[in-house]
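Visitor: Below are the structure tokens for one structure; questions will follow.
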Amino acid sequence: MRLHEFIIANVEPILIEWSEFARTQPAAAGLSRTALRDHAAQILRDSARDVSRSGTEDTVLSAPRGSNGPDIGAIGVTDGAPTSAAETHGADRAMNGFTFREMIAEFRALRAVVLRKWIESRGQLDAVDLDHLMRFNASIDRSVGESASRFSEDLDVAKDMFIAILTHDLRSPLQAVMMTSQSLLETTVDHDRTTAALQRIQRSTRRMSGMVDDLLDFTRTRIGSGLSITMMNTDLGQLAQEAVDEARGAFPSRDFELRVAGNVTGNADGERMKQVLANLLCNAADYADPSSAIWTDVWGTDSEIRLAVSNGGTAISTEQMAVIFDPFKRLRQGTDDVPDSQHLGLGLYIASQLVEAHGGQIAVTSSEAEGTRFTVQLPRTS
């Protein structure tokens, strides 16, 4: 078979071998098989199409992408969205914490796997094969360029967004601390007023501390050091009570309720699981219907312990559900009159990472009739 025919006929074997290399990259440790392979199959098909075109290598480099026929499965073009599989691959790798070097290494491995397998099957190469070989190299080089460009652009956008969010979200609690402190300095001794002022300071500093903790955890997930987990026998019902009590203090206008059923004592990192619940409760308080209660449920079975946080309010859209656990993908609801939530958009991401570190799973369901419900499943371990 000619090179383009070989690629189309062997996409799956190529991806299986290539995935073994991709999985060795540090950032790939937490990715599923589907996420790891993301758009690699489409990149291979794009290369096969480039090889089959008539003309020179310059033709390969200038031919349009992103408008492939239905047999290939083109990626649609939207405002600011990637227009080729390679661009999408770069965007996904940037989002999943890959370094630039790791992403480029993936393309080197893909090129090597294709050429080795094809040459082994082909044996003697003729003049047409050599021309196809040059076309393939030009096509992969183009994919590398598209992927690298998108990777760099997305990192720059993420950095700018990160600075903007951090600046915005720290301003509010800092102003609260300054204004309350000034009020304490100017007022005469009034026990009730002083207590209320100190409680406002405490809530504001707790919010800032939570932001710093999320930033530290986010950094650990990105540099590959992982989140620290210390497993011990833990009463998750008592832990949930503490998390709910703290949420009541942080959001005094909200109605928080707790239900516990069954044996909810198991092996877990208590402080980390409280952090998971705190992030879920904060998220619920930000987006719940103000008139509805926020319910926390904890129940145990023979094989697992489950924790759930539920709230009423506007259903989460399909588009938002697809990225809800991604970092910095905080939901925006309501109008411009409604202030943004007081967090960096890292809470759900950190929660998902902590649950995975416990060997558990986290899922979300949302509808207008049932509201939104985040459920954590923790396996019982000895």
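Ordered as shown in the structure tokens, chains take letters A, B, and onward, while each chain numbers its residues from 1 and ligands are numbered from 1 in the order shown.
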Can you tell me, as a PDB file with N, CA, C and O atoms, in the first residue's frame, what residues are no more than 12 Å from Glu271 in chain A when counting only C-alpha atoms, ignoring any on the same chain fewer than 5 positions away?
Guide:
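Output below, filename around30.pdb:
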ATOM      1  N   SER A 228      -1.154  16.125  48.082  1.00  0.00           N
ATOM      2  CA  SER A 228      -0.811  15.305  49.240  1.00  0.00           C
ATOM      3  C   SER A 228      -2.079  14.741  49.880  1.00  0.00           C
ATOM      4  O   SER A 228      -3.032  15.462  50.141  1.00  0.00           O
ATOM      5  N   ILE A 229      -2.087  13.426  50.118  1.00  0.00           N
ATOM      6  CA  ILE A 229      -3.228  12.733  50.712  1.00  0.00           C
ATOM      7  C   ILE A 229      -2.728  11.876  51.872  1.00  0.00           C
ATOM      8  O   ILE A 229      -1.793  11.090  51.721  1.00  0.00           O
ATOM      9  N   THR A 230      -3.339  12.054  53.049  1.00  0.00           N
ATOM     10  CA  THR A 230      -3.009  11.237  54.224  1.00  0.00           C
ATOM     11  C   THR A 230      -4.259  10.492  54.645  1.00  0.00           C
ATOM     12  O   THR A 230      -5.183  11.060  55.230  1.00  0.00           O
ATOM     13  N   MET A 231      -4.302   9.204  54.333  1.00  0.00           N
ATOM     14  CA  MET A 231      -5.495   8.407  54.598  1.00  0.00           C
ATOM     15  C   MET A 231      -5.532   7.940  56.047  1.00  0.00           C
ATOM     16  O   MET A 231      -4.522   7.486  56.596  1.00  0.00           O
ATOM     17  N   MET A 232      -6.716   8.052  56.654  1.00  0.00           N
ATOM     18  CA  MET A 232      -6.916   7.548  58.013  1.00  0.00           C
ATOM     19  C   MET A 232      -8.404   7.313  58.231  1.00  0.00           C
ATOM     20  O   MET A 232      -9.234   7.772  57.428  1.00  0.00           O
ATOM     21  N   THR A 234     -11.909   7.949  59.104  1.00  0.00           N
ATOM     22  CA  THR A 234     -12.547   9.265  59.176  1.00  0.00           C
ATOM     23  C   THR A 234     -14.065   9.136  59.206  1.00  0.00           C
ATOM     24  O   THR A 234     -14.647   8.368  58.428  1.00  0.00           O
ATOM     25  N   ASP A 235     -14.690   9.881  60.082  1.00  0.00           N
ATOM     26  CA  ASP A 235     -16.150   9.966  60.131  1.00  0.00           C
ATOM     27  C   ASP A 235     -16.577  11.062  59.162  1.00  0.00           C
ATOM     28  O   ASP A 235     -16.505  12.256  59.469  1.00  0.00           O
ATOM     29  N   LEU A 236     -17.024  10.658  57.969  1.00  0.00           N
ATOM     30  CA  LEU A 236     -17.379  11.634  56.949  1.00  0.00           C
ATOM     31  C   LEU A 236     -18.672  12.370  57.275  1.00  0.00           C
ATOM     32  O   LEU A 236     -18.925  13.455  56.750  1.00  0.00           O
ATOM     33  N   GLN A 238     -19.413  13.508  60.412  1.00  0.00           N
ATOM     34  CA  GLN A 238     -18.950  14.607  61.255  1.00  0.00           C
ATOM     35  C   GLN A 238     -18.218  15.645  60.419  1.00  0.00           C
ATOM     36  O   GLN A 238     -18.377  16.853  60.611  1.00  0.00           O
ATOM     37  N   LEU A 239     -17.423  15.160  59.482  1.00  0.00           N
ATOM     38  CA  LEU A 239     -16.685  16.072  58.601  1.00  0.00           C
ATOM     39  C   LEU A 239     -17.663  16.927  57.789  1.00  0.00           C
ATOM     40  O   LEU A 239     -17.461  18.146  57.628  1.00  0.00           O
ATOM     41  N   ALA A 240     -18.728  16.321  57.277  1.00  0.00           N
ATOM     42  CA  ALA A 240     -19.721  17.066  56.511  1.00  0.00           C
ATOM     43  C   ALA A 240     -20.416  18.106  57.389  1.00  0.00           C
ATOM     44  O   ALA A 240     -20.711  19.222  56.933  1.00  0.00           O
ATOM     45  N   GLU A 242     -19.108  19.716  59.876  1.00  0.00           N
ATOM     46  CA  GLU A 242     -18.173  20.835  60.026  1.00  0.00           C
ATOM     47  C   GLU A 242     -18.150  21.693  58.769  1.00  0.00           C
ATOM     48  O   GLU A 242     -18.131  22.933  58.843  1.00  0.00           O
ATOM     49  N   ALA A 243     -18.153  21.047  57.599  1.00  0.00           N
ATOM     50  CA  ALA A 243     -18.132  21.798  56.340  1.00  0.00           C
ATOM     51  C   ALA A 243     -19.400  22.625  56.175  1.00  0.00           C
ATOM     52  O   ALA A 243     -19.359  23.785  55.736  1.00  0.00           O
ATOM     53  N   VAL A 276     -13.057  19.313  49.617  1.00  0.00           N
ATOM     54  CA  VAL A 276     -13.946  18.961  48.505  1.00  0.00           C
ATOM     55  C   VAL A 276     -15.353  19.482  48.781  1.00  0.00           C
ATOM     56  O   VAL A 276     -15.972  20.151  47.933  1.00  0.00           O
ATOM     57  N   LEU A 277     -15.873  19.190  49.975  1.00  0.00           N
ATOM     58  CA  LEU A 277     -17.219  19.637  50.315  1.00  0.00           C
ATOM     59  C   LEU A 277     -17.310  21.160  50.359  1.00  0.00           C
ATOM     60  O   LEU A 277     -18.314  21.745  49.918  1.00  0.00           O
ATOM     61  N   ALA A 278     -16.297  21.808  50.900  1.00  0.00           N
ATOM     62  CA  ALA A 278     -16.300  23.271  50.964  1.00  0.00           C
ATOM     63  C   ALA A 278     -16.388  23.871  49.567  1.00  0.00           C
ATOM     64  O   ALA A 278     -17.139  24.834  49.333  1.00  0.00           O
ATOM     65  N   LEU A 354      -8.901  15.953  43.935  1.00  0.00           N
ATOM     66  CA  LEU A 354      -8.824  15.347  45.267  1.00  0.00           C
ATOM     67  C   LEU A 354      -9.630  14.043  45.328  1.00  0.00           C
ATOM     68  O   LEU A 354      -9.192  13.064  45.953  1.00  0.00           O
TER      69      LEU A 354
END
Visitor: Within range 67-150 of chain A, find each residue whose DSSP state, derived from the backbone, is helix (DSSP H, G or I), and express the selection as a ChimeraX atom specification.
Guide: /A:85-95,100-122,127-150
Visitor: Would you please work out which residue, of A:Leu115, A:Met178, A:Leu258, A:Leu36, is nearest to Leu130 in chain A when using only C-alpha atoms?
Guide: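 Among the listed residues, the smallest separation from Leu130 in chain A belongs to A:Leu115.
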Visitor: Which residue gives the smallest distance to Arg23 in chain A among A:Glu102, A:Ser209, A:Ala91, A:Asn10, with only C-alpha atoms counted?
Guide: A:Glu102
Visitor: Using only C-alpha atoms, find each residue in range 132-161 of chain A having at least one atom no more than 7 Å away from range 46-49 of chain A; report its shortest atom-to-atom pair and that distance in Å (one decimal), rows by chain then rising number, as a tab-separated table.
Guide:
residue	atom	partner	partner_atom	distance
A:Phe136	CA	A:Ser47	CA	6.2
A:Ser139	CA	A:Ser47	CA	5.5
A:Ile140	CA	A:Ser47	CA	6.7
Visitor: Next, the residues of the selection above should be written as a PDB file, in the first residue's frame with N, CA and C atoms.
Guide:
ATOM      1  N   PHE A 136       4.439  13.512   3.588  1.00  0.00           N
ATOM      2  CA  PHE A 136       4.041  13.180   4.951  1.00  0.00           C
ATOM      3  C   PHE A 136       4.811  14.019   5.967  1.00  0.00           C
ATOM      4  N   SER A 139       3.448  17.419   5.997  1.00  0.00           N
ATOM      5  CA  SER A 139       2.143  17.462   6.656  1.00  0.00           C
ATOM      6  C   SER A 139       2.289  17.429   8.176  1.00  0.00           C
ATOM      7  N   ILE A 140       3.153  16.544   8.688  1.00  0.00           N
ATOM      8  CA  ILE A 140       3.370  16.488  10.135  1.00  0.00           C
ATOM      9  C   ILE A 140       3.980  17.786  10.627  1.00  0.00           C
TER      10      ILE A 140
END
Visitor: When you look at Ala22 in chain A with a cut-off of 12 Å (counting only C-alpha atoms), what residues show up, excluding the ones that are within fewer than 3 positions of it in the same chain? I need them as a short mmCIF file (atom, residue, chain, number, x, y, z; two decimals) with all heavy atoms, in the first residue's frame.
Guide:
data_model
loop_
_atom_site.label_atom_id
_atom_site.label_comp_id
_atom_site.auth_asym_id
_atom_site.auth_seq_id
_atom_site.Cartn_x
_atom_site.Cartn_y
_atom_site.Cartn_z
N LEU A 15 -2.30 4.20 16.51
CA LEU A 15 -2.65 4.92 17.74
C LEU A 15 -2.38 4.09 18.99
O LEU A 15 -2.00 4.64 20.02
CB LEU A 15 -4.12 5.33 17.70
CG LEU A 15 -4.47 6.46 16.72
CD1 LEU A 15 -5.96 6.78 16.81
CD2 LEU A 15 -3.65 7.70 16.99
N ILE A 16 -2.56 2.78 18.89
CA ILE A 16 -2.28 1.93 20.05
C ILE A 16 -0.81 2.03 20.43
O ILE A 16 -0.46 2.22 21.61
CB ILE A 16 -2.67 0.48 19.75
CG1 ILE A 16 -4.19 0.33 19.69
CG2 ILE A 16 -2.08 -0.47 20.80
CD1 ILE A 16 -4.67 -1.04 19.26
N GLU A 17 0.08 1.94 19.44
CA GLU A 17 1.51 2.02 19.74
C GLU A 17 1.90 3.43 20.17
O GLU A 17 2.68 3.61 21.10
CB GLU A 17 2.32 1.61 18.51
CG GLU A 17 3.82 1.57 18.77
CD GLU A 17 4.60 0.92 17.65
OE1 GLU A 17 4.00 0.13 16.87
OE2 GLU A 17 5.81 1.20 17.53
N TRP A 18 1.32 4.43 19.50
CA TRP A 18 1.65 5.80 19.84
C TRP A 18 1.18 6.15 21.26
O TRP A 18 1.85 6.86 22.00
CB TRP A 18 1.01 6.75 18.84
CG TRP A 18 1.14 8.20 19.21
CD1 TRP A 18 2.23 8.99 19.07
CD2 TRP A 18 0.13 9.02 19.83
NE1 TRP A 18 1.96 10.26 19.56
CE2 TRP A 18 0.69 10.30 20.02
CE3 TRP A 18 -1.18 8.78 20.22
CZ2 TRP A 18 -0.04 11.33 20.60
CZ3 TRP A 18 -1.90 9.82 20.79
CH2 TRP A 18 -1.33 11.07 20.97
N SER A 19 0.02 5.62 21.65
CA SER A 19 -0.53 5.91 22.98
C SER A 19 0.39 5.42 24.08
O SER A 19 0.44 6.02 25.17
CB SER A 19 -1.91 5.26 23.14
OG SER A 19 -2.83 5.82 22.23
N GLN A 25 4.34 10.49 29.26
CA GLN A 25 4.51 11.90 29.59
C GLN A 25 3.91 12.18 30.97
O GLN A 25 2.79 11.72 31.26
CB GLN A 25 3.84 12.78 28.53
CG GLN A 25 4.30 12.51 27.11
CD GLN A 25 5.79 12.69 26.95
OE1 GLN A 25 6.35 13.74 27.24
NE2 GLN A 25 6.46 11.65 26.49
N PRO A 26 4.61 12.90 31.84
CA PRO A 26 4.11 13.14 33.21
C PRO A 26 2.69 13.70 33.26
O PRO A 26 1.89 13.30 34.11
CB PRO A 26 5.13 14.14 33.77
CG PRO A 26 6.39 13.84 33.02
CD PRO A 26 5.95 13.47 31.62
N ALA A 27 2.36 14.61 32.34
CA ALA A 27 1.04 15.24 32.38
C ALA A 27 -0.08 14.29 31.97
O ALA A 27 -1.25 14.58 32.18
CB ALA A 27 1.02 16.47 31.46
N ALA A 28 0.28 13.12 31.39
CA ALA A 28 -0.73 12.19 30.92
C ALA A 28 -1.21 11.25 32.00
O ALA A 28 -2.13 10.46 31.77
CB ALA A 28 -0.18 11.37 29.75
N ALA A 29 -0.63 11.34 33.20
CA ALA A 29 -0.92 10.36 34.26
C ALA A 29 -2.41 10.26 34.58
O ALA A 29 -2.93 9.18 34.80
CB ALA A 29 -0.13 10.71 35.51
N LEU A 31 -5.00 11.20 32.60
CA LEU A 31 -5.89 11.25 31.44
C LEU A 31 -6.44 9.87 31.10
O LEU A 31 -5.74 8.86 31.19
CB LEU A 31 -5.15 11.80 30.22
CG LEU A 31 -4.69 13.26 30.28
CD1 LEU A 31 -4.05 13.67 28.96
CD2 LEU A 31 -5.85 14.19 30.60
N SER A 32 -7.68 9.84 30.68
CA SER A 32 -8.28 8.60 30.21
C SER A 32 -7.73 8.27 28.82
O SER A 32 -7.08 9.10 28.17
CB SER A 32 -9.80 8.75 30.11
OG SER A 32 -10.14 9.70 29.12
N ARG A 33 -8.01 7.07 28.35
CA ARG A 33 -7.56 6.66 27.02
C ARG A 33 -8.12 7.59 25.95
O ARG A 33 -7.41 7.99 25.01
CB ARG A 33 -8.00 5.22 26.76
CG ARG A 33 -7.63 4.67 25.38
CD ARG A 33 -8.02 3.19 25.30
NE ARG A 33 -7.76 2.65 23.98
CZ ARG A 33 -8.63 2.68 22.97
NH1 ARG A 33 -9.81 3.25 23.16
NH2 ARG A 33 -8.34 2.15 21.80
N ALA A 35 -9.15 10.78 26.30
CA ALA A 35 -8.54 12.11 26.40
C ALA A 35 -7.10 12.09 25.91
O ALA A 35 -6.62 13.06 25.31
CB ALA A 35 -8.60 12.60 27.85
N LEU A 36 -6.41 10.99 26.14
CA LEU A 36 -5.01 10.89 25.72
C LEU A 36 -4.90 10.92 24.20
O LEU A 36 -4.05 11.59 23.64
CB LEU A 36 -4.39 9.61 26.26
CG LEU A 36 -2.90 9.40 26.00
CD1 LEU A 36 -2.09 10.43 26.76
CD2 LEU A 36 -2.48 8.00 26.41
N ARG A 37 -5.81 10.21 23.55
CA ARG A 37 -5.74 10.11 22.08
C ARG A 37 -6.40 11.30 21.40
O ARG A 37 -6.12 11.57 20.21
CB ARG A 37 -6.42 8.81 21.64
CG ARG A 37 -5.64 7.59 22.05
CD ARG A 37 -6.42 6.30 21.87
NE ARG A 37 -6.90 6.11 20.52
CZ ARG A 37 -7.08 4.92 19.96
NH1 ARG A 37 -6.81 3.84 20.66
NH2 ARG A 37 -7.53 4.81 18.75
N ASP A 38 -7.22 12.01 22.12
CA ASP A 38 -8.07 13.11 21.65
C ASP A 38 -8.23 13.14 20.12
O ASP A 38 -8.98 12.37 19.56
CB ASP A 38 -7.64 14.46 22.24
CG ASP A 38 -6.23 14.90 21.92
OD1 ASP A 38 -5.66 14.43 20.94
OD2 ASP A 38 -5.68 15.74 22.67
N ALA A 40 -5.82 12.63 17.71
CA ALA A 40 -4.71 12.04 16.98
C ALA A 40 -5.17 11.29 15.72
O ALA A 40 -4.49 11.32 14.69
CB ALA A 40 -3.92 11.10 17.89
N ARG A 93 -3.90 19.95 24.95
CA ARG A 93 -2.67 19.68 25.71
C ARG A 93 -2.32 20.85 26.63
O ARG A 93 -1.85 20.66 27.75
CB ARG A 93 -1.51 19.38 24.76
CG ARG A 93 -1.57 18.02 24.05
CD ARG A 93 -1.97 16.92 24.99
NE ARG A 93 -1.74 15.59 24.46
CZ ARG A 93 -2.63 14.62 24.46
NH1 ARG A 93 -3.86 14.86 24.96
NH2 ARG A 93 -2.33 13.42 24.00
N PHE A 98 0.20 19.79 29.79
CA PHE A 98 1.39 19.31 29.10
C PHE A 98 2.37 20.48 28.91
O PHE A 98 1.96 21.62 28.74
CB PHE A 98 1.04 18.74 27.73
CG PHE A 98 0.52 17.33 27.76
CD1 PHE A 98 -0.69 17.03 28.37
CD2 PHE A 98 1.23 16.30 27.17
CE1 PHE A 98 -1.17 15.73 28.40
CE2 PHE A 98 0.76 15.00 27.19
CZ PHE A 98 -0.45 14.72 27.81
N GLU A 102 6.71 18.26 25.83
CA GLU A 102 5.96 17.00 25.82
C GLU A 102 5.04 16.92 24.60
O GLU A 102 4.91 15.85 23.99
CB GLU A 102 5.13 16.89 27.11
CG GLU A 102 5.96 16.61 28.35
CD GLU A 102 5.15 16.70 29.63
OE1 GLU A 102 4.05 17.31 29.60
OE2 GLU A 102 5.61 16.18 30.65
N MET A 103 4.42 18.03 24.25
CA MET A 103 3.52 18.02 23.10
C MET A 103 4.29 17.77 21.81
O MET A 103 3.87 16.98 20.95
CB MET A 103 2.75 19.33 23.01
CG MET A 103 1.67 19.32 21.94
SD MET A 103 1.10 20.99 21.56
CE MET A 103 2.58 21.68 20.80
N ILE A 104 5.44 18.43 21.64
CA ILE A 104 6.25 18.24 20.44
C ILE A 104 6.75 16.80 20.37
O ILE A 104 6.80 16.19 19.29
CB ILE A 104 7.44 19.22 20.42
CG1 ILE A 104 6.92 20.66 20.37
CG2 ILE A 104 8.35 18.94 19.24
CD1 ILE A 104 6.07 20.99 19.17
N ALA A 105 7.10 16.23 21.52
CA ALA A 105 7.57 14.85 21.55
C ALA A 105 6.49 13.89 21.05
O ALA A 105 6.80 12.87 20.42
CB ALA A 105 8.00 14.47 22.97
N GLU A 106 5.23 14.20 21.30
CA GLU A 106 4.14 13.36 20.81
C GLU A 106 4.13 13.31 19.29
O GLU A 106 3.91 12.25 18.69
CB GLU A 106 2.80 13.89 21.31
CG GLU A 106 2.53 13.66 22.78
CD GLU A 106 1.13 14.06 23.17
OE1 GLU A 106 0.67 15.14 22.75
OE2 GLU A 106 0.48 13.28 23.88
N PHE A 107 4.36 14.44 18.65
CA PHE A 107 4.39 14.46 17.18
C PHE A 107 5.59 13.70 16.64
O PHE A 107 5.50 13.02 15.62
CB PHE A 107 4.39 15.90 16.67
CG PHE A 107 3.03 16.54 16.67
CD1 PHE A 107 2.64 17.37 17.70
CD2 PHE A 107 2.14 16.29 15.64
CE1 PHE A 107 1.38 17.96 17.71
CE2 PHE A 107 0.87 16.87 15.64
CZ PHE A 107 0.50 17.70 16.67
N ARG A 108 6.74 13.82 17.32
CA ARG A 108 7.91 13.05 16.89
C ARG A 108 7.61 11.56 16.95
O ARG A 108 7.96 10.80 16.04
CB ARG A 108 9.12 13.38 17.76
CG ARG A 108 9.72 14.76 17.54
CD ARG A 108 11.16 14.79 18.01
NE ARG A 108 11.30 14.36 19.40
CZ ARG A 108 11.28 15.18 20.44
NH1 ARG A 108 11.09 16.48 20.26
NH2 ARG A 108 11.42 14.72 21.66
N ALA A 109 6.96 11.14 18.04
CA ALA A 109 6.63 9.73 18.21
C ALA A 109 5.62 9.27 17.15
O ALA A 109 5.73 8.17 16.60
CB ALA A 109 6.08 9.48 19.61
N LEU A 110 4.63 10.12 16.85
CA LEU A 110 3.62 9.76 15.85
C LEU A 110 4.27 9.58 14.48
O LEU A 110 3.98 8.61 13.76
CB LEU A 110 2.55 10.85 15.79
CG LEU A 110 1.31 10.54 14.95
CD1 LEU A 110 0.56 9.34 15.52
CD2 LEU A 110 0.40 11.76 14.87
N VAL A 113 6.33 6.26 14.51
CA VAL A 113 5.52 5.04 14.47
C VAL A 113 4.98 4.80 13.06
O VAL A 113 5.05 3.67 12.53
CB VAL A 113 4.35 5.13 15.48
CG1 VAL A 113 3.37 3.97 15.27
CG2 VAL A 113 4.88 5.11 16.89
#
Visitor: Using Å and a single decimal, report how far CA of Leu198 in chain A sits from CA of Trp295 in chain A.
Guide: 28.1 Å
Visitor: Would you please work out which residue, of A:Ala293, A:Cys282, A:Leu227, A:Ala351, is nearest to Asp326 in chain A when using only C-alpha atoms?
Guide: A:Ala351
Visitor: Find, counting only C-alpha atoms, the residue in A:Val144, A:Leu3, A:Val323, A:Met134 that gets nearest to Met95 in chain A.
Guide: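 Going through A:Val144, A:Leu3, A:Val323, A:Met134 one by one, the smallest distance to Met95 in chain A is for A:Val323.
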Visitor: Could you state the separation of CA of Arg380 in chain A and CA of Met321 in chain A in Å, given to one decimal place?
Guide: 28.0 Å
Visitor: Ranking A:Val355, A:Pro379, A:Ser367, A:Asp255 by minimum distance to Asn267 in chain A and counting only C-alpha atoms, which one comes first?
Guide: A:Pro379
Visitor: Measure the distance from CA of Phe256 in chain A to CA of His191 in chain A in Å and round it to one decimal.
Guide: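 Computing it gives 27.7 Å between the two atoms.
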